[in-house]
$ cat final_25.cif   # mmCIF, C-alpha atoms
data_input
loop_
_atom_site.group_PDB
_atom_site.id
_atom_site.type_symbol
_atom_site.label_atom_id
_atom_site.label_comp_id
_atom_site.auth_asym_id
_atom_site.auth_seq_id
_atom_site.Cartn_x
_atom_site.Cartn_y
_atom_site.Cartn_z
ATOM 1 C CA MET W 83 -75.358 12.043 27.016
ATOM 2 C CA ARG W 84 -78.864 13.262 26.748
ATOM 3 C CA GLY W 85 -80.268 16.108 24.715
ATOM 4 C CA ALA W 86 -81.635 19.230 26.308
ATOM 5 C CA ALA W 87 -84.979 17.747 27.246
ATOM 6 C CA PRO W 88 -87.048 19.566 29.881
ATOM 7 C CA TRP W 89 -85.540 19.180 33.372
ATOM 8 C CA LYS W 90 -86.959 16.814 35.895
ATOM 9 C CA GLU W 91 -87.455 19.279 38.742
ATOM 10 C CA SER W 92 -85.894 17.234 41.511
ATOM 11 C CA ARG W 93 -85.479 18.636 44.988
ATOM 12 C CA SER W 94 -81.697 18.630 44.498
ATOM 13 C CA LEU W 95 -82.071 20.720 41.349
ATOM 14 C CA ARG W 96 -84.261 23.211 43.207
ATOM 15 C CA VAL W 97 -81.682 23.472 45.996
ATOM 16 C CA TYR W 98 -78.909 23.940 43.442
ATOM 17 C CA ALA W 99 -80.930 26.636 41.668
ATOM 18 C CA ARG W 100 -81.146 28.518 44.987
ATOM 19 C CA LEU W 101 -77.432 28.097 45.628
ATOM 20 C CA LEU W 102 -76.648 29.520 42.201
ATOM 21 C CA GLU W 103 -77.965 32.865 43.469
ATOM 22 C CA LEU W 104 -74.676 33.196 45.354
ATOM 23 C CA TYR W 105 -72.881 33.849 42.046
ATOM 24 C CA PRO W 106 -72.643 37.348 40.579
ATOM 25 C CA PRO W 107 -75.695 38.192 38.442
ATOM 26 C CA ALA W 108 -73.618 38.875 35.315
ATOM 27 C CA PHE W 109 -72.115 35.383 35.549
ATOM 28 C CA LEU W 110 -75.539 33.841 36.102
ATOM 29 C CA GLU W 111 -76.993 35.715 33.173
ATOM 30 C CA ARG W 112 -74.448 33.995 30.939
ATOM 31 C CA HIS W 113 -74.435 30.531 32.451
ATOM 32 C CA ARG W 114 -77.477 29.822 34.659
ATOM 33 C CA ALA W 115 -79.303 27.649 32.122
ATOM 34 C CA GLU W 116 -76.140 25.712 31.259
ATOM 35 C CA MET W 117 -75.266 25.147 34.909
ATOM 36 C CA LEU W 118 -78.729 23.846 35.711
ATOM 37 C CA GLN W 119 -78.590 21.534 32.722
ATOM 38 C CA ASN W 120 -75.152 20.306 33.793
ATOM 39 C CA PHE W 121 -76.412 19.669 37.292
ATOM 40 C CA ALA W 122 -79.343 17.666 35.919
ATOM 41 C CA ASP W 123 -76.894 15.627 33.806
ATOM 42 C CA LEU W 124 -74.582 15.095 36.762
ATOM 43 C CA GLU W 125 -77.518 14.043 38.915
ATOM 44 C CA ASP W 126 -78.583 11.477 36.313
ATOM 45 C CA ALA W 127 -75.089 10.040 36.163
ATOM 46 C CA ALA W 128 -74.247 10.213 39.890
ATOM 47 C CA SER W 129 -73.759 6.978 41.792
ATOM 48 C CA SER W 130 -75.235 8.552 44.923
ATOM 49 C CA LYS W 131 -76.629 11.861 46.148
ATOM 50 C CA ALA W 132 -73.809 12.105 48.673
ATOM 51 C CA ALA W 133 -71.145 11.846 45.959
ATOM 52 C CA LEU W 134 -72.974 14.415 43.843
ATOM 53 C CA TRP W 135 -73.286 16.951 46.667
ATOM 54 C CA LEU W 136 -69.729 16.411 47.789
ATOM 55 C CA MET W 137 -68.535 17.324 44.307
ATOM 56 C CA ILE W 138 -70.964 20.234 43.973
ATOM 57 C CA GLY W 139 -70.112 21.541 47.468
ATOM 58 C CA LYS W 140 -66.413 21.574 46.631
ATOM 59 C CA ASP W 141 -67.078 23.196 43.260
ATOM 60 C CA LEU W 142 -69.317 25.896 44.747
ATOM 61 C CA THR W 143 -66.832 26.724 47.479
ATOM 62 C CA MET W 144 -63.842 26.923 45.165
ATOM 63 C CA SER W 145 -65.556 28.904 42.443
ATOM 64 C CA LEU W 146 -67.328 31.325 44.800
ATOM 65 C CA VAL W 147 -64.082 32.054 46.631
ATOM 66 C CA SER W 148 -62.386 32.591 43.288
ATOM 67 C CA HIS W 149 -65.170 34.969 42.146
ATOM 68 C CA PHE W 150 -65.034 36.879 45.426
ATOM 69 C CA PHE W 151 -61.282 37.356 45.473
ATOM 70 C CA ALA W 152 -61.277 38.406 41.829
ATOM 71 C CA SER W 153 -63.729 41.212 42.635
ATOM 72 C CA ARG W 154 -62.841 44.722 43.794
ATOM 73 C CA LEU W 155 -64.719 44.059 47.018
ATOM 74 C CA GLY W 156 -62.568 40.982 47.556
ATOM 75 C CA HIS W 157 -59.406 43.049 47.067
ATOM 76 C CA TYR W 158 -60.721 45.536 49.602
ATOM 77 C CA VAL W 159 -61.379 42.768 52.156
ATOM 78 C CA ILE W 160 -57.880 41.345 51.636
ATOM 79 C CA ALA W 161 -56.389 44.811 52.113
ATOM 80 C CA VAL W 162 -58.390 45.470 55.291
ATOM 81 C CA VAL W 163 -57.624 42.078 56.846
ATOM 82 C CA GLY W 164 -53.959 42.481 55.829
ATOM 83 C CA ALA W 165 -53.828 45.912 57.474
ATOM 84 C CA TRP W 166 -55.351 44.467 60.652
ATOM 85 C CA MET W 167 -52.811 41.693 60.772
ATOM 86 C CA MET W 168 -49.988 44.150 60.260
ATOM 87 C CA LEU W 169 -51.271 46.384 63.051
ATOM 88 C CA PHE W 170 -51.599 43.374 65.313
ATOM 89 C CA ALA W 171 -48.058 42.228 64.507
ATOM 90 C CA ILE W 172 -46.640 45.728 65.113
ATOM 91 C CA GLY W 173 -48.526 45.953 68.436
ATOM 92 C CA TYR W 174 -47.280 42.531 69.449
ATOM 93 C CA LEU W 175 -43.670 43.385 68.623
ATOM 94 C CA ARG W 176 -43.824 46.788 70.339
ATOM 95 C CA TYR W 177 -45.835 45.982 73.450
ATOM 96 C CA GLY W 178 -45.417 42.228 73.792
ATOM 97 C CA SER W 179 -48.347 39.926 74.407
ATOM 98 C CA THR W 180 -50.108 42.221 76.934
ATOM 99 C CA PRO W 181 -52.622 43.725 74.494
ATOM 100 C CA GLY W 182 -52.671 40.523 72.476
ATOM 101 C CA HIS W 183 -55.879 39.030 73.822
ATOM 102 C CA PRO W 184 -58.035 42.162 73.503
ATOM 103 C CA ALA W 185 -56.706 42.680 69.987
ATOM 104 C CA LEU W 186 -57.613 39.088 69.102
ATOM 105 C CA HIS W 187 -61.119 39.555 70.508
ATOM 106 C CA VAL W 188 -61.604 42.715 68.486
ATOM 107 C CA PHE W 189 -60.177 41.042 65.379
ATOM 108 C CA GLY W 190 -62.490 38.030 65.758
ATOM 109 C CA GLY W 191 -65.472 40.363 66.129
ATOM 110 C CA PHE W 192 -64.274 42.403 63.178
ATOM 111 C CA LEU W 193 -64.202 39.375 60.869
ATOM 112 C CA LEU W 194 -67.647 38.343 62.112
ATOM 113 C CA GLY W 195 -68.978 41.854 61.488
ATOM 114 C CA MET W 196 -67.592 41.972 57.960
ATOM 115 C CA LEU W 197 -68.964 38.535 57.162
ATOM 116 C CA SER W 198 -72.429 39.288 58.544
ATOM 117 C CA MET W 199 -72.638 42.570 56.624
ATOM 118 C CA TYR W 200 -71.435 40.799 53.486
ATOM 119 C CA VAL W 201 -74.103 38.100 53.831
ATOM 120 C CA ALA W 202 -76.772 40.709 54.579
ATOM 121 C CA ALA W 203 -75.747 42.854 51.601
ATOM 122 C CA ARG W 204 -75.676 39.752 49.405
ATOM 123 C CA SER W 205 -79.132 38.667 50.556
ATOM 124 C CA TYR W 206 -80.809 42.047 50.673
ATOM 125 C CA GLY W 207 -79.051 43.789 47.799
ATOM 126 C CA GLY W 208 -77.229 46.480 49.767
ATOM 127 C CA PRO W 209 -77.351 47.800 53.303
ATOM 128 C CA GLN W 210 -78.765 51.120 52.217
ATOM 129 C CA ASN W 211 -82.000 49.382 51.172
ATOM 130 C CA SER W 212 -82.352 47.129 54.129
ATOM 131 C CA GLY W 213 -84.222 47.794 57.334
ATOM 132 C CA TYR W 214 -82.950 44.457 58.587
ATOM 133 C CA VAL W 215 -79.306 45.439 58.296
ATOM 134 C CA ILE W 216 -79.845 48.866 59.811
ATOM 135 C CA GLY W 217 -81.865 47.217 62.614
ATOM 136 C CA ALA W 218 -79.046 44.771 63.355
ATOM 137 C CA PHE W 219 -76.531 47.592 63.284
ATOM 138 C CA VAL W 220 -78.565 49.720 65.722
ATOM 139 C CA ALA W 221 -79.125 46.709 67.997
ATOM 140 C CA LEU W 222 -75.390 46.101 68.135
ATOM 141 C CA ILE W 223 -74.677 49.737 68.960
ATOM 142 C CA LEU W 224 -77.281 49.543 71.734
ATOM 143 C CA LEU W 225 -75.786 46.320 73.102
ATOM 144 C CA PHE W 226 -72.347 47.866 73.010
ATOM 145 C CA THR W 227 -73.532 51.029 74.792
ATOM 146 C CA ILE W 228 -75.344 49.036 77.490
ATOM 147 C CA GLY W 229 -72.292 46.853 77.999
ATOM 148 C CA TYR W 230 -70.034 49.859 78.096
ATOM 149 C CA LEU W 231 -72.171 51.593 80.727
ATOM 150 C CA ARG W 232 -72.582 48.428 82.787
ATOM 151 C CA TYR W 233 -68.891 47.556 82.837
ATOM 152 C CA ALA W 234 -67.823 51.092 83.664
ATOM 153 C CA GLY W 235 -66.243 51.805 80.338
ATOM 154 C CA PRO W 236 -62.744 50.394 80.584
ATOM 155 C CA LEU W 237 -63.437 48.342 77.412
ATOM 156 C CA GLY W 238 -61.860 45.518 79.311
ATOM 157 C CA HIS W 239 -64.596 42.922 79.053
ATOM 158 C CA PRO W 240 -63.978 40.419 76.260
ATOM 159 C CA ILE W 241 -67.606 40.548 75.097
ATOM 160 C CA LEU W 242 -67.318 44.300 74.665
ATOM 161 C CA GLN W 243 -64.144 43.867 72.677
ATOM 162 C CA VAL W 244 -65.838 41.372 70.380
ATOM 163 C CA LEU W 245 -68.896 43.617 70.005
ATOM 164 C CA GLY W 246 -66.700 46.602 69.247
ATOM 165 C CA GLY W 247 -64.927 44.512 66.621
ATOM 166 C CA VAL W 248 -68.258 43.456 65.090
ATOM 167 C CA LEU W 249 -69.312 47.091 64.813
ATOM 168 C CA ILE W 250 -66.064 48.150 63.170
ATOM 169 C CA GLY W 251 -66.264 45.152 60.821
ATOM 170 C CA MET W 252 -69.851 45.922 59.823
ATOM 171 C CA LEU W 253 -69.002 49.571 59.295
ATOM 172 C CA SER W 254 -65.971 48.639 57.231
ATOM 173 C CA MET W 255 -67.990 46.323 54.967
ATOM 174 C CA TYR W 256 -70.779 48.921 54.775
ATOM 175 C CA ILE W 257 -68.290 51.467 53.455
ATOM 176 C CA ALA W 258 -66.925 48.887 51.010
ATOM 177 C CA THR W 259 -70.368 48.050 49.651
ATOM 178 C CA ARG W 260 -71.116 51.762 49.233
ATOM 179 C CA VAL W 261 -67.855 52.376 47.393
ATOM 180 C CA TYR W 262 -67.646 49.193 45.295
ATOM 181 C CA GLY W 263 -71.322 48.294 45.103
ATOM 182 C CA ALA W 264 -73.129 45.501 46.932
ATOM 183 C CA PRO W 265 -71.643 42.048 46.338
ATOM 184 C CA GLY W 266 -72.903 40.610 43.105
ATOM 185 C CA HIS W 267 -74.350 43.971 42.020
ATOM 186 C CA GLY W 268 -71.608 45.352 39.856
ATOM 187 C CA SER W 269 -68.848 44.723 42.378
ATOM 188 C CA HIS W 270 -67.243 41.993 40.369
ATOM 189 C CA ALA W 271 -64.519 43.041 37.994
ATOM 190 C CA MET B 141 -36.219 28.343 32.807
ATOM 191 C CA SER B 142 -35.159 31.781 31.842
ATOM 192 C CA LYS B 143 -36.921 31.822 28.484
ATOM 193 C CA SER B 144 -39.645 34.394 28.546
ATOM 194 C CA GLY B 145 -42.907 33.036 27.264
ATOM 195 C CA PRO B 146 -46.488 32.715 28.321
ATOM 196 C CA PRO B 147 -46.875 31.510 31.912
ATOM 197 C CA PRO B 148 -47.735 27.830 32.432
ATOM 198 C CA LEU B 149 -51.426 27.047 32.188
ATOM 199 C CA THR B 150 -53.429 25.868 35.168
ATOM 200 C CA PRO B 151 -54.451 22.186 35.014
ATOM 201 C CA ALA B 152 -58.090 23.210 34.520
ATOM 202 C CA VAL B 153 -57.307 25.441 31.535
ATOM 203 C CA PHE B 154 -54.984 22.871 29.979
ATOM 204 C CA HIS B 155 -57.592 20.125 30.279
ATOM 205 C CA ILE B 156 -60.358 22.298 28.833
ATOM 206 C CA LEU B 157 -58.164 23.184 25.851
ATOM 207 C CA LEU B 158 -57.363 19.523 25.370
ATOM 208 C CA ALA B 159 -61.028 18.533 25.594
ATOM 209 C CA LEU B 160 -61.940 21.077 22.935
ATOM 210 C CA PHE B 161 -59.155 20.124 20.556
ATOM 211 C CA GLY B 162 -60.706 18.837 17.342
ATOM 212 C CA LYS B 163 -64.283 18.942 18.564
ATOM 213 C CA ASP B 164 -66.761 21.563 19.713
ATOM 214 C CA ARG B 165 -68.338 20.561 22.995
ATOM 215 C CA HIS B 166 -70.944 21.818 25.463
ATOM 216 C CA GLY B 167 -70.310 22.163 29.207
ATOM 217 C CA TYR B 168 -71.268 18.686 30.383
ATOM 218 C CA ASP B 169 -69.404 17.101 27.501
ATOM 219 C CA ILE B 170 -66.273 19.101 28.421
ATOM 220 C CA MET B 171 -66.541 17.967 32.048
ATOM 221 C CA GLN B 172 -66.812 14.326 31.013
ATOM 222 C CA GLN B 173 -63.946 14.598 28.545
ATOM 223 C CA VAL B 174 -61.700 16.279 31.139
ATOM 224 C CA LYS B 175 -62.515 13.515 33.604
ATOM 225 C CA SER B 176 -61.700 10.859 31.039
ATOM 226 C CA ASP B 177 -58.490 12.547 29.749
ATOM 227 C CA SER B 178 -57.145 12.963 33.264
ATOM 228 C CA GLY B 179 -57.967 9.413 34.309
ATOM 229 C CA ASP B 180 -60.483 10.712 36.881
ATOM 230 C CA ALA B 181 -57.836 12.930 38.479
ATOM 231 C CA VAL B 182 -59.480 16.226 37.460
ATOM 232 C CA LYS B 183 -63.176 16.426 38.293
ATOM 233 C CA MET B 184 -64.527 19.781 37.333
ATOM 234 C CA GLY B 185 -67.876 21.105 38.518
ATOM 235 C CA PRO B 186 -70.041 23.649 36.677
ATOM 236 C CA GLY B 187 -68.824 26.646 38.729
ATOM 237 C CA THR B 188 -65.160 25.941 38.035
ATOM 238 C CA LEU B 189 -65.808 25.100 34.400
ATOM 239 C CA TYR B 190 -67.726 28.252 33.500
ATOM 240 C CA GLY B 191 -65.407 30.479 35.544
ATOM 241 C CA SER B 192 -62.472 29.071 33.562
ATOM 242 C CA LEU B 193 -64.343 29.294 30.247
ATOM 243 C CA ASP B 194 -65.145 32.981 30.863
ATOM 244 C CA ARG B 195 -61.476 33.731 31.463
ATOM 245 C CA MET B 196 -60.455 31.687 28.426
ATOM 246 C CA ILE B 197 -62.966 33.465 26.191
ATOM 247 C CA GLU B 198 -61.631 36.779 27.453
ATOM 248 C CA ALA B 199 -58.082 35.634 26.669
ATOM 249 C CA GLY B 200 -59.142 34.599 23.155
ATOM 250 C CA LEU B 201 -58.390 30.890 23.676
ATOM 251 C CA VAL B 202 -61.965 29.688 23.310
ATOM 252 C CA ALA B 203 -65.065 30.998 21.523
ATOM 253 C CA ARG B 204 -68.747 30.423 22.134
ATOM 254 C CA GLY B 205 -70.632 28.776 19.306
ATOM 255 C CA ASP B 206 -73.946 30.041 18.007
ATOM 256 C CA THR B 207 -76.554 27.957 19.728
ATOM 257 C CA GLN B 208 -80.300 28.323 19.932
ATOM 258 C CA ASP B 209 -80.618 26.445 23.195
ATOM 259 C CA PRO B 210 -79.130 28.361 26.142
ATOM 260 C CA ARG B 211 -78.793 25.084 28.062
ATOM 261 C CA ARG B 212 -76.433 23.569 25.502
ATOM 262 C CA ILE B 213 -73.943 26.156 24.369
ATOM 263 C CA TYR B 214 -71.058 24.731 22.387
ATOM 264 C CA TYR B 215 -67.513 26.009 22.836
ATOM 265 C CA ARG B 216 -64.697 25.759 20.338
ATOM 266 C CA LEU B 217 -60.980 26.273 20.349
ATOM 267 C CA THR B 218 -59.645 29.371 18.574
ATOM 268 C CA ALA B 219 -56.387 29.437 16.600
ATOM 269 C CA LEU B 220 -54.717 31.031 19.627
ATOM 270 C CA GLY B 221 -56.140 28.278 21.816
ATOM 271 C CA GLN B 222 -54.629 25.610 19.572
ATOM 272 C CA THR B 223 -51.230 27.320 19.550
ATOM 273 C CA THR B 224 -51.344 27.672 23.329
ATOM 274 C CA LEU B 225 -52.265 24.021 23.776
ATOM 275 C CA ARG B 226 -49.385 22.899 21.555
ATOM 276 C CA ALA B 227 -46.918 25.202 23.342
ATOM 277 C CA GLU B 228 -48.018 23.972 26.772
ATOM 278 C CA THR B 229 -47.822 20.347 25.666
ATOM 279 C CA GLU B 230 -44.258 20.951 24.472
ATOM 280 C CA ARG B 231 -43.373 22.631 27.758
ATOM 281 C CA LEU B 232 -44.824 19.778 29.797
ATOM 282 C CA SER B 233 -42.977 17.233 27.641
ATOM 283 C CA ARG B 234 -39.679 19.008 28.288
ATOM 284 C CA VAL B 235 -40.379 19.137 32.018
ATOM 285 C CA ALA B 236 -41.353 15.462 32.039
ATOM 286 C CA LEU B 237 -38.155 14.594 30.191
ATOM 287 C CA VAL B 238 -36.016 16.447 32.725
ATOM 288 C CA ALA B 239 -37.943 14.889 35.608
ATOM 289 C CA ARG B 240 -37.527 11.378 34.204
ATOM 290 C CA ARG B 241 -33.802 11.908 33.693
ATOM 291 C CA GLU B 242 -33.343 13.236 37.228
ATOM 292 C CA LEU B 243 -35.384 10.449 38.777
ATOM 293 C CA LYS B 244 -33.386 7.839 36.925
ATOM 294 C CA LYS B 245 -30.141 9.410 38.096
ATOM 295 C CA ARG B 246 -31.195 9.487 41.738
ATOM 296 C CA VAL B 247 -32.804 6.069 41.885
ATOM 297 C CA THR B 248 -29.949 4.114 40.305
ATOM 298 C CA PRO B 249 -27.036 3.824 42.787
#
$ encode --input "final_25.cif" --output "structure tokens"
Amino acid sequence: MRGAAPWKESRSLRVYARLLELYPPAFLERHRAEMLQNFADLEDAASSKAALWLMIGKDLTMSLVSHFFASRLGHYVIAVVGAWMMLFAIGYLRYGSTPGHPALHVFGGFLLGMLSMYVAARSYGGPQNSGYVIGAFVALILLFTIGYLRYAGPLGHPILQVLGGVLIGMLSMYIATRVYGAPGHGSHA
Amino acid sequence: MSKSGPPPLTPAVFHILLALFGKDRHGYDIMQQVKSDSGDAVKMGPGTLYGSLDRMIEAGLVARGDTQDPRRIYYRLTALGQTTLRAETERLSRVALVARRELKKRVTP
């Protein structure tokens, strides 16, 4: 085991340093230097780059998911997705499979919308500060309106259902980031 | 198991406690020790390790040592950590004993 000599700035280490930004700032404040040192040690000892990245990829995924679901924002997302599933199940039981496909389209779009707003908020530090996010939001509303007008407004076209879902998802995550703070900016309990 | 007691530890927490028993270690050292103790079965990356350590510090099982170098922070077991490790080892031994007995019973005709 080596001492804490200055790091060899390999490309892998630089990539890992960028990936670390996905963790909450408070966590990074405590452990960034240690994690980079550990990565450098692991890189020295690794039999191959592939083995190293396989291990790091698994570790990042598991620990980021664990951080997210331990946060208040994560609880909110679980509650919202749970509520959607319940609504879908009730609709399915009450009305049979007839509205099933549109509901699935909307749900798929909804998840996509939440995820994209989450990534945007994570990258840009909050939708309220980001022209990019507002631009994407406006573009989606425009697309939805054009589609709605073009297809005579029955909301029957699958693309419209997905777009509608994306909008609701983005809005839902926007509200969450306003209430609980942007991900990684005080949202983690 | 109706006895009320602390809930079983996760494998990661148990292995970290075990790695720190009797010796203060820094992150990479803990990872290597866990790997060795588990016979390569538990491979812990930095994200998992420090997430677990944060929770363990909060629970009073582990304490951070005073270190000048932020890249090599040493962690040590607290008295509560030692007690917890011993209790969990006892629990696992009892479970292993029951499992061995049951397996023997079912294998032998």
$ interface_residues --input "final_25.cif" --of "chain B" --to "chain W" --cutoff "9 Å" --atoms "only C-alpha atoms" --output "VMD selection string"
chain B and resid 166 to 169 183 to 191 194 209 to 213
$ atom_distance --input "final_25.cif" --atom1 "CA of Lys131 (chain W)" --atom2 "CA of His155 (chain B)"
26.1 Å
$ resolve_selection --input "final_25.cif" --expression "the PyMOL selection byres ((chain W and resi 189) around 9)" --output "ChimeraX atom specification"
/W:163,166-167,170,184-188,190-194,243-244,247-248,251
$ resolve_selection --input "final_25.cif" --expression "the PyMOL selection byres ((chain W and resi 218) around 12)" --output "list in words"
Gly195, Ser198, Met199, Ala202, Pro209, Ser212, Gly213, Tyr214, Val215, Ile216, Gly217, Phe219, Val220, Ala221, Leu222, Ile223, Leu224, Leu225, Val248, Leu249, Met252 and Leu253 of chain W
$ write_last_selection --input "final_25.cif" --atoms "C-alpha atoms" --output "PDB file, in the coordinates of the input"
ATOM      1  CA  GLY W 195     -68.978  41.854  61.488  1.00  0.00           C
ATOM      2  CA  SER W 198     -72.429  39.288  58.544  1.00  0.00           C
ATOM      3  CA  MET W 199     -72.638  42.570  56.624  1.00  0.00           C
ATOM      4  CA  ALA W 202     -76.772  40.709  54.579  1.00  0.00           C
ATOM      5  CA  PRO W 209     -77.351  47.800  53.303  1.00  0.00           C
ATOM      6  CA  SER W 212     -82.352  47.129  54.129  1.00  0.00           C
ATOM      7  CA  GLY W 213     -84.222  47.794  57.334  1.00  0.00           C
ATOM      8  CA  TYR W 214     -82.950  44.457  58.587  1.00  0.00           C
ATOM      9  CA  VAL W 215     -79.306  45.439  58.296  1.00  0.00           C
ATOM     10  CA  ILE W 216     -79.845  48.866  59.811  1.00  0.00           C
ATOM     11  CA  GLY W 217     -81.865  47.217  62.614  1.00  0.00           C
ATOM     12  CA  PHE W 219     -76.531  47.592  63.284  1.00  0.00           C
ATOM     13  CA  VAL W 220     -78.565  49.720  65.722  1.00  0.00           C
ATOM     14  CA  ALA W 221     -79.125  46.709  67.997  1.00  0.00           C
ATOM     15  CA  LEU W 222     -75.390  46.101  68.135  1.00  0.00           C
ATOM     16  CA  ILE W 223     -74.677  49.737  68.960  1.00  0.00           C
ATOM     17  CA  LEU W 224     -77.281  49.543  71.734  1.00  0.00           C
ATOM     18  CA  LEU W 225     -75.786  46.320  73.102  1.00  0.00           C
ATOM     19  CA  VAL W 248     -68.258  43.456  65.090  1.00  0.00           C
ATOM     20  CA  LEU W 249     -69.312  47.091  64.813  1.00  0.00           C
ATOM     21  CA  MET W 252     -69.851  45.922  59.823  1.00  0.00           C
ATOM     22  CA  LEU W 253     -69.002  49.571  59.295  1.00  0.00           C
TER      23      LEU W 253
END
$ atom_distance --input "final_25.cif" --atom1 "CA of Leu160 (chain B)" --atom2 "CA of Pro106 (chain W)"
26.3 Å
$ resolve_selection --input "final_25.cif" --expression "the PyMOL selection byres ((chain B and resi 175) around 12)" --output "JSON, numbers by chain"
{"B": [151, 152, 155, 156, 158, 159, 168, 169, 170, 171, 172, 173, 174, 176, 177, 178, 179, 180, 181, 182, 183, 184, 185]}
$ atom_distance --input "final_25.cif" --atom1 "CA of Leu220 (chain B)" --atom2 "CA of Phe161 (chain B)"
11.8 Å
$ axis_aligned_box --input "final_25.cif" --around "region 200-217 of chain B" --padding-each-side "6 Å" --output "lines of an AutoDock Vina configuration file"
center_x = -69.5
center_y = 29.1
center_z = 23.0
size_x = 34.2
size_y = 23.0
size_z = 22.1
$ residues_around --input "final_25.cif" --residues "Arg231 (chain B)" --least-positions-apart "3" --cutoff "12 Å" --atoms "all atoms listed in the file" --output "list in words"
Met141, Lys143, Gly145, Pro146, Pro147, Pro148, Leu149, Phe154, Thr224, Leu225, Arg226, Ala227, Glu228, Arg234, Val235, Ala236, Leu237 and Val238 of chain B
$ decode --input "final_25.cif" --residues "region 163-176 of chain B" --atoms "N, CA and C atoms" --output "PDB file, in the first residue's frame"
ATOM      1  N   LYS B 163      -7.457  -2.472  14.780  1.00  0.00           N
ATOM      2  CA  LYS B 163      -6.514  -1.651  14.019  1.00  0.00           C
ATOM      3  C   LYS B 163      -7.241  -0.508  13.322  1.00  0.00           C
ATOM      4  N   ASP B 164      -6.715   0.691  13.469  1.00  0.00           N
ATOM      5  CA  ASP B 164      -7.261   1.825  12.720  1.00  0.00           C
ATOM      6  C   ASP B 164      -6.824   1.682  11.264  1.00  0.00           C
ATOM      7  N   ARG B 165      -7.730   1.983  10.368  1.00  0.00           N
ATOM      8  CA  ARG B 165      -7.388   1.842   8.946  1.00  0.00           C
ATOM      9  C   ARG B 165      -7.946   3.009   8.146  1.00  0.00           C
ATOM     10  N   HIS B 166      -7.318   3.296   6.995  1.00  0.00           N
ATOM     11  CA  HIS B 166      -7.890   4.282   6.072  1.00  0.00           C
ATOM     12  C   HIS B 166      -8.721   3.550   5.025  1.00  0.00           C
ATOM     13  N   GLY B 167      -9.419   4.317   4.179  1.00  0.00           N
ATOM     14  CA  GLY B 167     -10.400   3.736   3.255  1.00  0.00           C
ATOM     15  C   GLY B 167      -9.897   2.579   2.405  1.00  0.00           C
ATOM     16  N   TYR B 168      -8.770   2.780   1.729  1.00  0.00           N
ATOM     17  CA  TYR B 168      -8.276   1.736   0.830  1.00  0.00           C
ATOM     18  C   TYR B 168      -7.896   0.480   1.616  1.00  0.00           C
ATOM     19  N   ASP B 169      -7.322   0.713   2.771  1.00  0.00           N
ATOM     20  CA  ASP B 169      -6.919  -0.399   3.639  1.00  0.00           C
ATOM     21  C   ASP B 169      -8.173  -1.189   4.073  1.00  0.00           C
ATOM     22  N   ILE B 170      -9.236  -0.471   4.396  1.00  0.00           N
ATOM     23  CA  ILE B 170     -10.489  -1.155   4.794  1.00  0.00           C
ATOM     24  C   ILE B 170     -10.994  -2.004   3.631  1.00  0.00           C
ATOM     25  N   MET B 171     -10.990  -1.418   2.428  1.00  0.00           N
ATOM     26  CA  MET B 171     -11.486  -2.156   1.256  1.00  0.00           C
ATOM     27  C   MET B 171     -10.700  -3.446   1.037  1.00  0.00           C
ATOM     28  N   GLN B 172      -9.384  -3.346   1.176  1.00  0.00           N
ATOM     29  CA  GLN B 172      -8.534  -4.523   0.967  1.00  0.00           C
ATOM     30  C   GLN B 172      -8.763  -5.570   2.052  1.00  0.00           C
ATOM     31  N   GLN B 173      -8.931  -5.096   3.284  1.00  0.00           N
ATOM     32  CA  GLN B 173      -9.136  -6.025   4.396  1.00  0.00           C
ATOM     33  C   GLN B 173     -10.484  -6.748   4.252  1.00  0.00           C
ATOM     34  N   VAL B 174     -11.512  -5.980   3.837  1.00  0.00           N
ATOM     35  CA  VAL B 174     -12.842  -6.578   3.647  1.00  0.00           C
ATOM     36  C   VAL B 174     -12.771  -7.661   2.566  1.00  0.00           C
ATOM     37  N   LYS B 175     -12.053  -7.324   1.494  1.00  0.00           N
ATOM     38  CA  LYS B 175     -11.907  -8.282   0.391  1.00  0.00           C
ATOM     39  C   LYS B 175     -11.225  -9.558   0.882  1.00  0.00           C
ATOM     40  N   SER B 176     -10.182  -9.366   1.668  1.00  0.00           N
ATOM     41  CA  SER B 176      -9.425 -10.517   2.164  1.00  0.00           C
ATOM     42  C   SER B 176     -10.258 -11.331   3.175  1.00  0.00           C
TER      43      SER B 176
END
